[in-house]
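First up is the structure itself, then whatever we jot down about it.
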Amino acid sequence: RYMILDKFKLDRKVAIVTGGARGLGQAMALALAQAGADIAIVDVIDMQETVGQIENLGRRCFAIEADLADQAGVEKIISRTRQELGSVDILLNDAGIIRRAPFVEFSEKDWDDVMDVNLKATFFLSQAAAKVFIEQKRGGKIINIASMLSYQGGILVSSYTASRSAILGITRSMANELAPHGINVN
(Lines give C-alpha, C1' and ligand atoms only; values in the text may rest on other atoms or scores of the structure.)
Protein backbone atom coordinates (compact mmCIF):
# COMPACT_ATOMS: atom_id res chain seq x y z
CA ARG A 1 0.00 0.00 0.00
CA TYR A 2 1.44 3.36 -1.06
CA MET A 3 1.35 6.28 1.35
CA ILE A 4 2.20 9.89 0.58
CA LEU A 5 4.65 9.85 3.50
CA ASP A 6 6.79 7.43 1.48
CA LYS A 7 7.73 10.46 -0.67
CA PHE A 8 9.27 12.07 2.40
CA LYS A 9 11.45 9.17 3.54
CA LEU A 10 15.02 10.10 4.42
CA ASP A 11 16.41 6.60 4.98
CA ARG A 12 20.22 6.49 4.71
CA LYS A 13 20.42 10.31 4.74
CA VAL A 14 22.52 12.29 7.20
CA ALA A 15 21.42 15.68 8.49
CA ILE A 16 23.28 18.34 10.45
CA VAL A 17 20.96 20.47 12.59
CA THR A 18 22.33 23.59 14.27
CA GLY A 19 20.54 24.82 17.37
CA GLY A 20 19.09 21.34 17.81
CA ALA A 21 19.17 21.13 21.60
CA ARG A 22 15.77 22.74 22.16
CA GLY A 23 12.86 24.58 20.59
CA LEU A 24 12.33 24.59 16.84
CA GLY A 25 15.75 23.08 16.14
CA GLN A 26 15.00 20.13 18.39
CA ALA A 27 11.56 19.63 16.81
CA MET A 28 13.02 19.75 13.29
CA ALA A 29 15.82 17.32 14.22
CA LEU A 30 13.22 14.91 15.59
CA ALA A 31 11.10 15.25 12.44
CA LEU A 32 14.10 14.49 10.23
CA ALA A 33 14.88 11.45 12.38
CA GLN A 34 11.24 10.29 12.22
CA ALA A 35 11.56 10.46 8.43
CA GLY A 36 14.62 8.17 8.66
CA ALA A 37 17.67 10.47 8.76
CA ASP A 38 20.63 10.08 11.09
CA ILE A 39 21.40 13.35 12.85
CA ALA A 40 24.38 15.42 13.97
CA ILE A 41 23.15 17.99 16.51
CA VAL A 42 25.18 21.20 16.89
CA ASP A 43 24.70 23.51 19.87
CA VAL A 44 26.46 25.13 22.82
CA ILE A 45 24.05 23.80 25.45
CA ASP A 46 23.38 20.25 26.65
CA MET A 47 22.07 18.12 23.79
CA GLN A 48 21.60 14.77 25.54
CA GLU A 49 17.80 15.04 25.66
CA THR A 50 17.64 15.47 21.88
CA VAL A 51 20.23 12.75 21.27
CA GLY A 52 18.25 10.35 23.47
CA GLN A 53 14.96 11.09 21.74
CA ILE A 54 16.49 10.54 18.31
CA GLU A 55 18.22 7.33 19.37
CA ASN A 56 14.87 6.11 20.79
CA LEU A 57 13.53 6.45 17.25
CA GLY A 58 16.17 3.95 16.13
CA ARG A 59 18.32 6.55 14.38
CA ARG A 60 21.98 7.32 14.92
CA CYS A 61 22.68 10.68 16.53
CA PHE A 62 25.62 12.43 18.07
CA ALA A 63 26.24 15.86 19.53
CA ILE A 64 28.83 18.37 18.42
CA GLU A 65 29.45 21.19 20.86
CA ALA A 66 30.43 24.19 18.77
CA ASP A 67 30.20 27.94 19.20
CA LEU A 68 28.98 29.09 15.79
CA ALA A 69 30.40 32.55 16.44
CA ASP A 70 33.81 30.93 15.96
CA GLN A 71 34.26 30.03 12.30
CA ALA A 72 36.96 27.49 13.22
CA GLY A 73 34.12 25.18 14.23
CA VAL A 74 32.74 24.89 10.69
CA GLU A 75 35.32 22.36 9.52
CA LYS A 76 34.96 20.41 12.78
CA ILE A 77 31.20 20.11 12.26
CA ILE A 78 31.54 18.82 8.70
CA SER A 79 34.48 16.48 9.32
CA ARG A 80 33.06 14.96 12.54
CA THR A 81 29.71 14.34 10.86
CA ARG A 82 31.36 12.58 7.95
CA GLN A 83 33.56 10.59 10.33
CA GLU A 84 30.70 9.54 12.64
CA LEU A 85 27.85 9.13 10.14
CA GLY A 86 29.61 8.63 6.80
CA SER A 87 28.33 11.58 4.77
CA VAL A 88 26.34 14.80 4.83
CA ASP A 89 23.10 15.07 2.84
CA ILE A 90 21.10 17.79 4.62
CA LEU A 91 22.10 20.94 6.48
CA LEU A 92 19.46 22.66 8.59
CA ASN A 93 20.67 26.06 9.83
CA ASP A 94 18.45 26.90 12.79
CA ALA A 95 20.87 28.25 15.42
CA GLY A 96 20.41 31.86 16.32
CA ILE A 97 20.82 34.37 19.09
CA ILE A 98 19.06 37.64 19.80
CA ARG A 99 20.09 40.80 21.64
CA ARG A 100 17.62 43.48 22.64
CA ALA A 101 18.30 47.20 22.95
CA PRO A 102 16.80 50.42 21.61
CA PHE A 103 18.03 51.24 18.11
CA VAL A 104 19.87 54.38 19.27
CA GLU A 105 21.69 52.42 22.01
CA PHE A 106 22.47 49.18 20.16
CA SER A 107 26.16 48.27 20.66
CA GLU A 108 28.64 47.12 18.06
CA LYS A 109 29.42 44.03 20.16
CA ASP A 110 25.76 42.98 20.25
CA TRP A 111 25.49 43.64 16.50
CA ASP A 112 28.59 41.56 15.74
CA ASP A 113 27.66 38.71 18.09
CA VAL A 114 24.26 38.26 16.44
CA MET A 115 25.60 38.60 12.90
CA ASP A 116 28.38 36.07 13.56
CA VAL A 117 26.01 33.36 14.79
CA ASN A 118 22.89 34.06 12.74
CA LEU A 119 24.35 35.06 9.38
CA LYS A 120 28.07 34.43 9.08
CA ALA A 121 27.86 30.90 10.50
CA THR A 122 24.92 30.06 8.23
CA PHE A 123 26.84 31.28 5.19
CA PHE A 124 30.10 29.46 5.90
CA LEU A 125 28.52 26.24 7.16
CA SER A 126 26.35 26.21 4.01
CA GLN A 127 29.44 26.79 1.89
CA ALA A 128 31.26 23.88 3.55
CA ALA A 129 28.24 21.58 3.18
CA ALA A 130 27.81 22.57 -0.48
CA LYS A 131 31.43 21.61 -1.16
CA VAL A 132 30.73 18.15 0.31
CA PHE A 133 27.51 17.80 -1.70
CA ILE A 134 29.38 18.67 -4.90
CA GLU A 135 32.17 16.23 -4.05
CA GLN A 136 29.66 13.44 -3.29
CA LYS A 137 27.95 14.05 -6.67
CA ARG A 138 24.42 13.31 -5.44
CA GLY A 139 23.05 16.74 -4.56
CA GLY A 140 21.89 17.81 -1.15
CA LYS A 141 19.55 20.03 0.82
CA ILE A 142 20.21 23.24 2.73
CA ILE A 143 17.41 24.62 4.89
CA ASN A 144 17.85 28.08 6.41
CA ILE A 145 15.53 29.40 9.10
CA ALA A 146 14.63 33.08 8.86
CA SER A 147 11.97 34.86 10.94
CA MET A 148 8.70 36.70 10.66
CA LEU A 149 10.73 39.70 11.82
CA SER A 150 12.27 39.62 8.34
CA TYR A 151 8.92 41.02 7.21
CA GLN A 152 7.72 42.86 10.33
CA GLY A 153 10.90 44.57 11.50
CA GLY A 154 10.34 44.17 15.21
CA ILE A 155 11.26 46.49 18.07
CA LEU A 156 14.54 46.45 20.03
CA VAL A 157 15.99 43.70 17.81
CA SER A 158 17.89 45.53 15.06
CA SER A 159 20.65 42.98 14.54
CA TYR A 160 18.34 39.96 14.76
CA THR A 161 15.98 41.46 12.18
CA ALA A 162 18.88 42.35 9.90
CA SER A 163 20.46 38.90 10.21
CA ARG A 164 17.23 37.02 9.52
CA SER A 165 16.37 39.33 6.62
CA ALA A 166 19.80 38.65 5.16
CA ILE A 167 19.10 34.90 5.46
CA LEU A 168 16.30 35.40 2.92
CA GLY A 169 18.70 37.02 0.48
CA ILE A 170 21.57 34.54 0.79
CA THR A 171 19.11 31.63 0.59
CA ARG A 172 17.91 32.91 -2.79
CA SER A 173 21.48 33.49 -3.93
CA MET A 174 22.60 30.02 -2.85
CA ALA A 175 19.54 28.43 -4.49
CA ASN A 176 20.34 30.10 -7.81
CA GLU A 177 24.03 29.23 -7.74
CA LEU A 178 23.81 25.70 -6.34
CA ALA A 179 20.83 24.40 -8.34
CA PRO A 180 23.02 23.17 -11.24
CA HIS A 181 24.74 20.86 -8.71
CA GLY A 182 21.44 19.31 -7.62
CA ILE A 183 21.52 21.20 -4.33
CA ASN A 184 18.14 22.44 -3.15
CA VAL A 185 18.21 25.51 -0.86
CA ASN A 186 15.14 26.77 1.00
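Numbering starts fresh at 1 for the residues of each chain in the C-alpha coordinates, the chains themselves are lettered A, B, ... in the order given, and ligands are numbered from 1 as they appear.
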
Give the alpha helix (DSSP H) residues of chain A, as DSSP finds them on the backbone, and put them as JSON, numbers by chain.
-> {"A": [23, 24, 25, 26, 27, 28, 29, 30, 31, 32, 33, 34, 48, 49, 50, 51, 52, 53, 54, 55, 56, 73, 74, 75, 76, 77, 78, 79, 80, 81, 82, 83, 84, 85, 108, 109, 110, 111, 112, 113, 114, 115, 121, 122, 123, 124, 125, 126, 127, 128, 129, 130, 131, 132, 133, 134, 135, 136, 149, 150, 151, 152, 158, 159, 160, 161, 162, 163, 164, 165, 166, 167, 168, 169, 170, 171, 172, 173, 174, 175, 176, 177, 178]}

Strand (DSSP E or B) positions in chain A, given as a PyMOL selection string = chain A and resi 14-18+38-43+61-65+90-93+140-144+183-185

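The shell of residues at most 8 Å from stretch 47-51 of chain A, with only C-alpha atoms counted and near chain neighbours (fewer than 2 positions) removed, consists of Gly20, Ala21, Arg22, Gln26, Leu30, Ile41, Asp43, Ile45, Gln53, Ile54, Glu55, Cys61, Phe62 and Ala63 of chain A.
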
Emit the selected residues as a tab-separated table (two decimals), in the first residue's frame, including all heavy atoms.
chain	number	residue	atom	x	y	z
A	20	GLY	N	19.99	22.47	17.67
A	20	GLY	CA	19.09	21.34	17.81
A	20	GLY	C	18.83	20.87	19.23
A	20	GLY	O	18.15	19.87	19.43
A	21	ALA	N	19.34	21.58	20.22
A	21	ALA	CA	19.17	21.13	21.60
A	21	ALA	C	17.78	21.40	22.16
A	21	ALA	O	17.34	20.72	23.08
A	21	ALA	CB	20.22	21.78	22.51
A	22	ARG	N	17.09	22.39	21.61
A	22	ARG	CA	15.77	22.74	22.16
A	22	ARG	C	14.96	23.48	21.10
A	22	ARG	O	15.47	23.82	20.04
A	22	ARG	CB	15.92	23.59	23.42
A	22	ARG	CG	16.57	24.93	23.15
A	22	ARG	CD	16.70	25.76	24.41
A	22	ARG	NE	17.38	27.00	24.08
A	22	ARG	CZ	18.06	27.71	24.94
A	22	ARG	NH1	18.16	27.33	26.19
A	22	ARG	NH2	18.66	28.81	24.56
A	26	GLN	N	15.22	21.46	17.86
A	26	GLN	CA	15.00	20.13	18.39
A	26	GLN	C	13.83	19.46	17.66
A	26	GLN	O	13.93	18.30	17.25
A	26	GLN	CB	14.72	20.19	19.89
A	26	GLN	CG	14.51	18.82	20.53
A	26	GLN	CD	14.15	18.93	21.99
A	26	GLN	OE1	13.21	19.63	22.35
A	26	GLN	NE2	14.91	18.24	22.83
A	30	LEU	N	14.06	16.08	15.34
A	30	LEU	CA	13.22	14.91	15.59
A	30	LEU	C	12.40	14.53	14.35
A	30	LEU	O	12.26	13.35	14.03
A	30	LEU	CB	12.31	15.15	16.79
A	30	LEU	CG	13.02	15.16	18.15
A	30	LEU	CD1	12.09	15.70	19.23
A	30	LEU	CD2	13.53	13.79	18.52
A	41	ILE	N	23.71	16.82	15.84
A	41	ILE	CA	23.15	17.99	16.51
A	41	ILE	C	24.30	18.92	16.89
A	41	ILE	O	25.29	18.48	17.47
A	41	ILE	CB	22.41	17.58	17.80
A	41	ILE	CG1	21.26	16.65	17.49
A	41	ILE	CG2	21.94	18.80	18.58
A	41	ILE	CD1	20.13	17.29	16.75
A	43	ASP	N	25.21	22.49	18.95
A	43	ASP	CA	24.70	23.51	19.87
A	43	ASP	C	25.80	23.83	20.88
A	43	ASP	O	26.86	23.18	20.88
A	43	ASP	CB	23.43	23.03	20.58
A	43	ASP	CG	22.42	24.16	20.78
A	43	ASP	OD1	22.84	25.26	21.22
A	43	ASP	OD2	21.23	23.95	20.51
A	45	ILE	N	24.66	24.24	24.20
A	45	ILE	CA	24.05	23.80	25.45
A	45	ILE	C	23.89	22.29	25.41
A	45	ILE	O	24.10	21.65	24.37
A	45	ILE	CB	22.69	24.50	25.70
A	45	ILE	CG1	21.68	24.18	24.60
A	45	ILE	CG2	22.89	26.01	25.84
A	45	ILE	CD1	20.28	24.71	24.84
A	53	GLN	N	16.24	11.21	22.46
A	53	GLN	CA	14.96	11.09	21.74
A	53	GLN	C	15.17	10.55	20.33
A	53	GLN	O	14.38	9.74	19.85
A	53	GLN	CB	14.26	12.45	21.69
A	53	GLN	CG	13.71	12.89	23.03
A	53	GLN	CD	13.04	14.26	22.95
A	53	GLN	OE1	12.69	14.74	21.88
A	53	GLN	NE2	12.85	14.88	24.10
A	54	ILE	N	16.22	11.01	19.67
A	54	ILE	CA	16.49	10.54	18.31
A	54	ILE	C	16.94	9.08	18.33
A	54	ILE	O	16.48	8.28	17.50
A	54	ILE	CB	17.53	11.46	17.62
A	54	ILE	CG1	16.88	12.82	17.35
A	54	ILE	CG2	18.07	10.82	16.34
A	54	ILE	CD1	17.83	13.89	16.89
A	55	GLU	N	17.79	8.72	19.27
A	55	GLU	CA	18.22	7.33	19.37
A	55	GLU	C	17.04	6.41	19.70
A	55	GLU	O	16.99	5.28	19.22
A	55	GLU	CB	19.34	7.18	20.39
A	55	GLU	CG	20.64	7.77	19.88
A	55	GLU	CD	21.78	7.75	20.90
A	55	GLU	OE1	21.50	7.61	22.13
A	55	GLU	OE2	22.94	7.90	20.48
A	61	CYS	N	22.60	9.25	16.22
A	61	CYS	CA	22.68	10.68	16.53
A	61	CYS	C	23.88	10.93	17.41
A	61	CYS	O	24.21	10.12	18.28
A	61	CYS	CB	21.40	11.13	17.25
A	61	CYS	SG	21.38	12.91	17.60
A	62	PHE	N	24.55	12.02	17.16
A	62	PHE	CA	25.62	12.43	18.07
A	62	PHE	C	25.64	13.95	18.15
A	62	PHE	O	25.12	14.64	17.28
A	62	PHE	CB	26.97	11.85	17.66
A	62	PHE	CG	27.65	12.55	16.53
A	62	PHE	CD1	28.69	13.44	16.76
A	62	PHE	CD2	27.24	12.33	15.23
A	62	PHE	CE1	29.31	14.08	15.72
A	62	PHE	CE2	27.86	12.98	14.17
A	62	PHE	CZ	28.90	13.86	14.42
A	63	ALA	N	26.21	14.43	19.24
A	63	ALA	CA	26.24	15.86	19.53
A	63	ALA	C	27.61	16.44	19.23
A	63	ALA	O	28.62	15.81	19.51
A	63	ALA	CB	25.89	16.09	21.01

For A:Glu84, which residue among A:Ala15, A:Ala31, A:Ile143, A:Ala66 is the nearest when counting only C-alpha atoms?
->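 Of A:Ala15, A:Ala31, A:Ile143, A:Ala66, the one nearest A:Glu84, counting only C-alpha atoms, is A:Ala15.
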
For A:Ile78, which of A:Leu149, A:Ile167, A:Ile16, A:Arg59 is the closest residue, counting only C-alpha atoms?
->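 Under the stated criterion, the closest residue is A:Ile16.
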
Could you jot down the atom CA of A:Asn93 to atom CA of A:Lys76 separation for me, Å, one decimal place?
->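 Separation between atom CA of A:Asn93 and atom CA of A:Lys76: 15.6 Å.
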
Expressed in Å to a single decimal, how great is the separation between atom CA of A:Ala29 and atom CA of A:Glu177?
->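 That distance, rounded to one decimal, is 26.3 Å.
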